[in-house]
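Below is one structure, written out as structure tokens; the observations come after it.
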Amino acid sequence: QATIMLIGFPGDILMRCLKMLILPLIISSLITGLAGLDAKASGKMGSKAMLYYFSTTIIAAIIGIILVVSIHPGDPELKKGRSTQNIIGDVPVQQVSTLDAILDLIRNAFPENLVEACISGQQTAYKEEYVYANVTNTTTNTTD
């Protein structure tokens with residue numbers, strides 16, 4: 001299991017880097033393409049490019065929703081019997097190794113979406129715990 005994860009790790013980093021480059025490449029190619037045209041052609045070409053971009057985005061979103069509804073990825077009912085997790089009550093407890101934590105740190109250094117990485121922040125959540133202790137007062141009487 002760990003060997004498979006280590007073999008797939010460089011590919012995961014490559015895919016994250018490629019996903020990170022998609023938005024800047026699209027925007028820069030649209031800007032440079034429109035900057036080379038005259039004003040009249042820019043208006044027509046720009047509107048056609050935006051129409052094409054938004055229509056393909058909407059089609060991709062519709063296909064994605066249809067696939068999610070039909071396939072049900074991440075459905076816990078499909079994972080029954082294949083679970084390698086410990087279960088405490090009804091809540092599964094994930095076993096996280098040191099290797100997982102280190103690979104997650106490296107993976108998080110390469111965000112998939114630059115805009116989302118800039119907007120959303122990571123913060124530590126502190127949990128208050130109260131410790132109750134039994135304290136007994138003892139007195140000693142000494143007589144001289």
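We label chains A, B, ... in the order they appear in the structure tokens, count residues from 1 in each chain, and number ligands from 1 in the order shown.
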Could you pull the residues within 10 Å of Ile22 in chain A, counting only C-alpha atoms, minus those fewer than 3 positions along the same chain, as a PyMOL selection string?
chain A and resi 17-19+25-27+112-114
Take the residues from that selection and write them out as a CSV table (one decimal), in the first residue's frame, keeping C-alpha atoms.
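Result saved to result18.csv:
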```csv
chain,number,residue,atom,x,y,z
A,17,CYS,CA,1.1,21.6,-11.1
A,18,LEU,CA,-0.7,21.2,-14.4
A,19,LYS,CA,-4.0,22.0,-12.8
A,25,LEU,CA,-2.7,30.1,-19.2
A,26,ILE,CA,-6.3,30.5,-20.4
A,27,ILE,CA,-6.5,34.1,-19.2
A,112,GLU,CA,-4.4,22.8,-7.6
A,113,ASN,CA,-6.1,26.3,-7.8
A,114,LEU,CA,-4.0,29.4,-7.3
```
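The space between CA of Ser29 in chain A and CA of Ser42 in chain A spans 13.7 Å.
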I'd like the neighbourhood of Phe110 in chain A as a PyMOL selection string, where a residue qualifies if any of its atoms comes within 8 Å (using only C-alpha atoms), though same-chain residues fewer than 2 positions away should be ignored.
chain A and resi 13+16-17+20+106-108+112
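Going from CA of Ser47 in chain A to CA of Leu23 in chain A covers 18.7 Å.
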In Å and to one decimal, CA of Leu30 in chain A is distant from CA of Met50 in chain A by 9.1 Å
